[in-house]
>>> print(open('protein37.pdb').read())   # PDB, C-alpha atoms, pLDDT in the B column
ATOM      1  CA  MET G 878      -2.309  20.584  10.927  1.00 48.00           C
ATOM      2  CA  SER G 879      -2.966  22.196   7.567  1.00 53.00           C
ATOM      3  CA  GLU G 880      -6.390  22.591   6.003  1.00 57.00           C
ATOM      4  CA  PRO G 881      -7.295  20.041   3.325  1.00 55.00           C
ATOM      5  CA  SER G 882      -6.612  21.187  -0.211  1.00 55.00           C
ATOM      6  CA  SER G 883      -9.528  21.573  -2.593  1.00 52.00           C
ATOM      7  CA  GLU G 884      -8.462  18.353  -4.318  1.00 57.00           C
ATOM      8  CA  GLU G 885      -8.141  16.454  -1.035  1.00 56.00           C
ATOM      9  CA  GLN G 886     -11.634  17.394   0.206  1.00 69.00           C
ATOM     10  CA  ASP G 887     -13.148  14.705  -2.032  1.00 83.00           C
ATOM     11  CA  TYR G 888     -11.008  12.013  -0.385  1.00 90.00           C
ATOM     12  CA  ARG G 889     -11.794   9.774   2.593  1.00 92.00           C
ATOM     13  CA  PRO G 890      -9.042  10.606   5.145  1.00 95.00           C
ATOM     14  CA  VAL G 891      -7.024   7.767   6.701  1.00 95.00           C
ATOM     15  CA  ILE G 892      -4.285   8.580   9.205  1.00 96.00           C
ATOM     16  CA  ILE G 893      -1.665   5.848   9.163  1.00 97.00           C
ATOM     17  CA  ASP G 894       1.068   7.969  10.746  1.00 97.00           C
ATOM     18  CA  PRO G 895      -0.232  10.914  12.809  1.00 97.00           C
ATOM     19  CA  ASP G 896       3.174  12.606  12.385  1.00 95.00           C
ATOM     20  CA  GLY G 897       3.252  11.863   8.652  1.00 95.00           C
ATOM     21  CA  ASP G 898       4.816  14.249   6.186  1.00 94.00           C
ATOM     22  CA  LEU G 899       3.187  12.853   3.061  1.00 95.00           C
ATOM     23  CA  LYS G 900      -0.420  12.496   1.890  1.00 96.00           C
ATOM     24  CA  LEU G 901      -1.018   9.932  -0.810  1.00 96.00           C
ATOM     25  CA  LEU G 902      -4.225  10.694  -2.691  1.00 96.00           C
ATOM     26  CA  ALA G 903      -5.060   7.235  -4.001  1.00 96.00           C
ATOM     27  CA  GLY G 904      -7.880   5.914  -6.128  1.00 94.00           C
ATOM     28  CA  GLU G 905     -10.575   7.589  -8.130  1.00 88.00           C
ATOM     29  CA  GLY G 906     -14.328   7.978  -8.190  1.00 84.00           C
ATOM     30  CA  GLN G 907     -16.143   7.154  -4.966  1.00 83.00           C
ATOM     31  CA  TYR G 908     -13.130   5.195  -3.643  1.00 84.00           C
ATOM     32  CA  LYS G 909     -10.691   8.090  -3.305  1.00 93.00           C
ATOM     33  CA  THR G 910      -8.647   7.954  -0.098  1.00 95.00           C
ATOM     34  CA  SER G 911      -6.136  10.375   1.437  1.00 97.00           C
ATOM     35  CA  LEU G 912      -3.445   8.454   3.346  1.00 97.00           C
ATOM     36  CA  LEU G 913      -1.267  10.366   5.819  1.00 97.00           C
ATOM     37  CA  VAL G 914       2.016   8.440   5.928  1.00 97.00           C
ATOM     38  CA  SER G 915       5.713   8.765   6.700  1.00 97.00           C
ATOM     39  CA  SER G 916       7.869   9.399   3.653  1.00 95.00           C
ATOM     40  CA  LYS G 917      10.825   7.858   5.497  1.00 96.00           C
ATOM     41  CA  VAL G 918       9.001   4.544   5.937  1.00 97.00           C
ATOM     42  CA  LEU G 919       7.990   4.457   2.266  1.00 97.00           C
ATOM     43  CA  CYS G 920      11.489   5.354   1.080  1.00 95.00           C
ATOM     44  CA  LEU G 921      13.105   2.660   3.230  1.00 96.00           C
ATOM     45  CA  ALA G 922      10.780   0.038   1.740  1.00 96.00           C
ATOM     46  CA  SER G 923      10.606   1.245  -1.858  1.00 96.00           C
ATOM     47  CA  ASP G 924      13.250   2.547  -4.220  1.00 95.00           C
ATOM     48  CA  VAL G 925      10.398   3.854  -6.409  1.00 95.00           C
ATOM     49  CA  PHE G 926       9.162   6.143  -3.625  1.00 95.00           C
ATOM     50  CA  ARG G 927      12.767   7.151  -2.876  1.00 93.00           C
ATOM     51  CA  VAL G 928      13.278   8.247  -6.484  1.00 93.00           C
ATOM     52  CA  MET G 929       9.843   9.909  -6.598  1.00 92.00           C
ATOM     53  CA  LEU G 930      10.572  12.015  -3.507  1.00 92.00           C
ATOM     54  CA  TYR G 931      14.293  12.685  -3.853  1.00 89.00           C
ATOM     55  CA  SER G 932      15.062  12.976  -7.589  1.00 85.00           C
ATOM     56  CA  SER G 933      15.485  16.654  -8.318  1.00 75.00           C
ATOM     57  CA  GLY G 934      13.878  16.526 -11.755  1.00 81.00           C
ATOM     58  CA  LEU G 935      10.496  15.225 -10.597  1.00 84.00           C
ATOM     59  CA  ALA G 936       7.605  17.525  -9.659  1.00 86.00           C
ATOM     60  CA  GLU G 937       6.811  15.356  -6.615  1.00 88.00           C
ATOM     61  CA  ALA G 938      10.371  15.725  -5.338  1.00 86.00           C
ATOM     62  CA  GLN G 939      10.353  19.487  -5.823  1.00 86.00           C
ATOM     63  CA  ALA G 940       7.053  19.842  -3.940  1.00 87.00           C
ATOM     64  CA  PHE G 941       8.274  17.519  -1.178  1.00 87.00           C
ATOM     65  CA  LEU G 942      11.522  19.464  -0.743  1.00 84.00           C
ATOM     66  CA  ALA G 943       9.712  22.822  -0.732  1.00 83.00           C
ATOM     67  CA  ASN G 944       7.193  21.623   1.876  1.00 81.00           C
ATOM     68  CA  SER G 945       9.982  20.155   3.998  1.00 79.00           C
ATOM     69  CA  VAL G 946      12.071  23.334   3.915  1.00 78.00           C
ATOM     70  CA  LEU G 947       9.134  25.670   4.539  1.00 80.00           C
ATOM     71  CA  ASN G 948       7.523  23.274   7.047  1.00 79.00           C
ATOM     72  CA  ILE G 949       4.045  23.944   5.642  1.00 82.00           C
ATOM     73  CA  GLY G 950       2.558  20.520   6.203  1.00 86.00           C
ATOM     74  CA  PRO G 951       2.400  17.210   4.390  1.00 93.00           C
ATOM     75  CA  THR G 952       3.130  17.065   0.693  1.00 92.00           C
ATOM     76  CA  GLU G 953       0.239  15.731  -1.384  1.00 93.00           C
ATOM     77  CA  ILE G 954       0.954  13.268  -4.142  1.00 93.00           C
ATOM     78  CA  SER G 955      -1.879  12.220  -6.411  1.00 94.00           C
ATOM     79  CA  LEU G 956      -1.939   8.503  -7.304  1.00 94.00           C
ATOM     80  CA  PRO G 957      -5.266   8.084  -9.159  1.00 94.00           C
ATOM     81  CA  ASP G 958      -4.147   4.894 -10.922  1.00 94.00           C
ATOM     82  CA  ASP G 959      -3.508   3.062  -7.640  1.00 95.00           C
ATOM     83  CA  GLU G 960      -6.471   1.301  -6.075  1.00 93.00           C
ATOM     84  CA  ALA G 961      -7.166   2.982  -2.728  1.00 94.00           C
ATOM     85  CA  VAL G 962      -7.844  -0.242  -0.800  1.00 92.00           C
ATOM     86  CA  GLY G 963      -4.559  -1.758  -2.013  1.00 93.00           C
ATOM     87  CA  MET G 964      -2.510   1.381  -1.290  1.00 96.00           C
ATOM     88  CA  GLN G 965      -4.042   1.666   2.183  1.00 95.00           C
ATOM     89  CA  ALA G 966      -3.266  -1.969   3.022  1.00 92.00           C
ATOM     90  CA  LEU G 967       0.295  -1.608   1.690  1.00 95.00           C
ATOM     91  CA  CYS G 968       0.924   1.561   3.720  1.00 96.00           C
ATOM     92  CA  GLU G 969      -0.540  -0.041   6.848  1.00 94.00           C
ATOM     93  CA  LEU G 970       1.775  -3.032   6.444  1.00 92.00           C
ATOM     94  CA  LEU G 971       4.843  -0.860   5.826  1.00 95.00           C
ATOM     95  CA  HIS G 972       4.024   1.198   8.936  1.00 96.00           C
ATOM     96  CA  PHE G 973       3.547  -1.980  11.021  1.00 92.00           C
ATOM     97  CA  ARG G 974      -0.174  -1.419  11.346  1.00 90.00           C
ATOM     98  CA  THR G 975      -1.885  -4.705  10.662  1.00 79.00           C
ATOM     99  CA  PRO G 976      -4.806  -4.401   8.270  1.00 73.00           C
ATOM    100  CA  ASN G 977      -7.887  -6.224   9.490  1.00 68.00           C
ATOM    101  CA  PRO G 978     -10.000  -6.660   6.395  1.00 63.00           C
ATOM    102  CA  ARG G 979     -13.204  -8.644   6.353  1.00 66.00           C
ATOM    103  CA  ASN G 980     -12.319  -9.765   2.851  1.00 67.00           C
ATOM    104  CA  TYR G 981      -8.649 -10.718   3.287  1.00 70.00           C
ATOM    105  CA  VAL G 982      -8.023 -11.836  -0.289  1.00 69.00           C
ATOM    106  CA  GLY G 983     -10.023  -8.939  -1.720  1.00 74.00           C
ATOM    107  CA  VAL G 984      -7.652  -6.535   0.042  1.00 81.00           C
ATOM    108  CA  MET G 985      -4.345  -8.405  -0.234  1.00 82.00           C
ATOM    109  CA  VAL G 986      -4.485  -8.940  -4.003  1.00 82.00           C
ATOM    110  CA  PRO G 987      -4.753  -5.160  -4.689  1.00 88.00           C
ATOM    111  CA  ALA G 988      -2.084  -4.552  -2.020  1.00 89.00           C
ATOM    112  CA  MET G 989       0.267  -6.961  -3.771  1.00 88.00           C
ATOM    113  CA  ILE G 990      -0.369  -5.278  -7.129  1.00 91.00           C
ATOM    114  CA  VAL G 991       0.506  -1.882  -5.640  1.00 94.00           C
ATOM    115  CA  ALA G 992       3.514  -3.387  -3.819  1.00 94.00           C
ATOM    116  CA  GLU G 993       4.801  -4.795  -7.081  1.00 92.00           C
ATOM    117  CA  LYS G 994       4.354  -1.435  -8.831  1.00 95.00           C
ATOM    118  CA  TYR G 995       6.378   0.330  -6.112  1.00 96.00           C
ATOM    119  CA  ASN G 996       8.928  -2.480  -5.846  1.00 94.00           C
ATOM    120  CA  CYS G 997       8.364  -3.289  -2.180  1.00 93.00           C
ATOM    121  CA  ILE G 998       6.991  -6.835  -2.165  1.00 89.00           C
ATOM    122  CA  THR G 999      10.029  -8.053  -0.219  1.00 88.00           C
ATOM    123  CA  ALA G1000       9.170  -5.615   2.580  1.00 92.00           C
ATOM    124  CA  ILE G1001       5.717  -7.145   3.136  1.00 87.00           C
ATOM    125  CA  ALA G1002       6.244 -10.733   1.963  1.00 83.00           C
ATOM    126  CA  PRO G1003       7.110 -12.133   5.426  1.00 81.00           C
ATOM    127  CA  TRP G1004       3.900 -10.730   6.935  1.00 81.00           C
ATOM    128  CA  ILE G1005       1.815 -12.014   4.018  1.00 76.00           C
ATOM    129  CA  GLY G1006       3.395 -15.473   4.223  1.00 70.00           C
ATOM    130  CA  ILE G1007       2.744 -15.787   7.950  1.00 69.00           C
ATOM    131  CA  ASN G1008      -0.760 -14.321   7.877  1.00 69.00           C
ATOM    132  CA  LEU G1009      -2.162 -16.117   4.857  1.00 67.00           C
ATOM    133  CA  PRO G1010      -4.084 -18.952   6.483  1.00 58.00           C
ATOM    134  CA  MET G1011      -5.900 -21.262   4.153  1.00 60.00           C
ATOM    135  CA  ASP G1012      -9.210 -20.589   5.902  1.00 59.00           C
ATOM    136  CA  LYS G1013      -9.157 -16.989   4.604  1.00 52.00           C
ATOM    137  CA  CYS G1014      -9.575 -17.988   0.989  1.00 54.00           C
ATOM    138  CA  GLY G1015     -13.122 -16.689   0.962  1.00 50.00           C
ATOM    139  CA  SER G1016     -15.682 -17.542  -1.656  1.00 53.00           C
ATOM    140  CA  GLY G1017     -13.006 -17.602  -4.356  1.00 55.00           C
ATOM    141  CA  GLY G1018     -11.507 -20.752  -2.882  1.00 58.00           C
ATOM    142  CA  PHE G1019      -7.849 -21.687  -2.988  1.00 62.00           C
ATOM    143  CA  GLU G1020      -7.392 -20.295  -6.482  1.00 63.00           C
ATOM    144  CA  SER G1021      -7.932 -16.814  -5.019  1.00 65.00           C
ATOM    145  CA  ILE G1022      -4.711 -16.966  -2.956  1.00 68.00           C
ATOM    146  CA  LEU G1023      -2.542 -18.419  -5.734  1.00 68.00           C
ATOM    147  CA  PRO G1024      -1.590 -14.974  -7.139  1.00 71.00           C
ATOM    148  CA  ILE G1025      -0.602 -13.760  -3.670  1.00 73.00           C
ATOM    149  CA  THR G1026       1.569 -16.782  -2.889  1.00 71.00           C
ATOM    150  CA  PHE G1027       3.159 -16.568  -6.333  1.00 68.00           C
ATOM    151  CA  MET G1028       3.973 -12.857  -5.959  1.00 73.00           C
ATOM    152  CA  ILE G1029       5.645 -13.320  -2.567  1.00 71.00           C
ATOM    153  CA  LYS G1030       7.499 -16.345  -3.923  1.00 71.00           C
ATOM    154  CA  ASN G1031       6.263 -18.605  -1.131  1.00 64.00           C
ATOM    155  CA  LEU G1032       6.462 -21.876  -3.005  1.00 64.00           C
ATOM    156  CA  ASP G1033       5.327 -24.019  -0.057  1.00 70.00           C
ATOM    157  CA  ILE G1034       1.981 -22.237   0.291  1.00 67.00           C
ATOM    158  CA  PHE G1035       1.675 -21.892  -3.489  1.00 67.00           C
ATOM    159  CA  GLU G1036       2.135 -25.649  -3.913  1.00 70.00           C
ATOM    160  CA  ARG G1037      -0.285 -26.467  -1.091  1.00 67.00           C
ATOM    161  CA  ALA G1038      -2.958 -24.078  -2.387  1.00 65.00           C
ATOM    162  CA  GLY G1039      -2.457 -25.416  -5.909  1.00 67.00           C
ATOM    163  CA  ARG G1040      -2.951 -28.994  -4.732  1.00 67.00           C
ATOM    164  CA  GLU G1041      -6.093 -28.035  -2.811  1.00 63.00           C
ATOM    165  CA  PHE G1042      -7.433 -26.199  -5.860  1.00 59.00           C
ATOM    166  CA  LEU G1043      -6.820 -29.135  -8.194  1.00 61.00           C
TER     167      LEU G1043
END
>>> encode(input="protein37.pdb", output="structure tokens")
Amino acid sequence: MSEPSSEEQDYRPVIIDPDGDLKLLAGEGQYKTSLLVSSKVLCLASDVFRVMLYSSGLAEAQAFLANSVLNIGPTEISLPDDEAVGMQALCELLHFRTPNPRNYVGVMVPAMIVAEKYNCITAIAPWIGINLPMDKCGSGGFESILPITFMIKNLDIFERAGREFL
């Protein structure tokens, strides 16, 4: 395992795939998180990650290819605009590691925002639809799950939550 880079030392490390070949440096400020993940999993779920890692003109792709060829450890990609809690939950879902947040809605809304940005909502929508019980609305009430149900296009839950809210 390679030593953390000087940039990565400020990040809270989270190992999602122990054999991962990619470190996503997500978030900023006190919420920075380094996520060790599998590039293959991300590329299967997201055409945005596929382009980012395999388009020859992008700096991320060049670094990823160089690290892969030289076998010098995971490639680091800085994603300061992506909320760390949302990126972590998204990566856990894509790697079939179920997030267990205390604040379900507070984690799933940022995860859905990141999933939309990377065009992989369809990859996590079934899990979200099954695991979005109405009792996890939290203090925000039913209106707090409306954006999630809308984004995954689950009209049954969206309608039910909307009726409960009204």
>>> closest_residue(input="protein37.pdb", among="G:Thr975, G:Ser916, G:Asn996, G:Gln965", to="Val891 (chain G)", atoms="all atoms listed in the file")
G:Gln965
>>> resolve_selection(input="protein37.pdb", expression="the PyMOL selection byres ((chain G and resi 900) around 10)", output="short mmCIF file (atom, residue, chain, number, x, y, z; two decimals) with C-alpha atoms, in the frame of the given file")
data_model
loop_
_atom_site.label_atom_id
_atom_site.label_comp_id
_atom_site.auth_asym_id
_atom_site.auth_seq_id
_atom_site.Cartn_x
_atom_site.Cartn_y
_atom_site.Cartn_z
CA GLU G 885 -8.14 16.45 -1.03
CA PRO G 890 -9.04 10.61 5.14
CA VAL G 891 -7.02 7.77 6.70
CA ILE G 892 -4.28 8.58 9.20
CA ILE G 893 -1.66 5.85 9.16
CA GLY G 897 3.25 11.86 8.65
CA ASP G 898 4.82 14.25 6.19
CA LEU G 899 3.19 12.85 3.06
CA LEU G 901 -1.02 9.93 -0.81
CA LEU G 902 -4.22 10.69 -2.69
CA ALA G 903 -5.06 7.24 -4.00
CA THR G 910 -8.65 7.95 -0.10
CA SER G 911 -6.14 10.38 1.44
CA LEU G 912 -3.44 8.45 3.35
CA LEU G 913 -1.27 10.37 5.82
CA VAL G 914 2.02 8.44 5.93
CA SER G 915 5.71 8.76 6.70
CA SER G 916 7.87 9.40 3.65
CA GLY G 950 2.56 20.52 6.20
CA PRO G 951 2.40 17.21 4.39
CA THR G 952 3.13 17.07 0.69
CA GLU G 953 0.24 15.73 -1.38
CA ILE G 954 0.95 13.27 -4.14
CA SER G 955 -1.88 12.22 -6.41
#
>>> atom_distance(input="protein37.pdb", atom1="CA of Ile1029 (chain G)", atom2="CA of Ile998 (chain G)")
6.6 Å
>>> atom_distance(input="protein37.pdb", atom1="CA of Tyr995 (chain G)", atom2="CA of Val946 (chain G)")
25.7 Å
>>> closest_residue(input="protein37.pdb", among="G:Cys920, G:Ile990, G:Ala938, G:Cys997", to="Asp958 (chain G)", atoms="all atoms listed in the file")
G:Ile990
>>> closest_residue(input="protein37.pdb", among="G:Ala1000, G:Val984, G:Met989, G:Met1028", to="Asp924 (chain G)", atoms="only C-alpha atoms")
G:Ala1000
>>> atom_distance(input="protein37.pdb", atom1="CA of Gly904 (chain G)", atom2="CA of Phe926 (chain G)")
17.2 Å
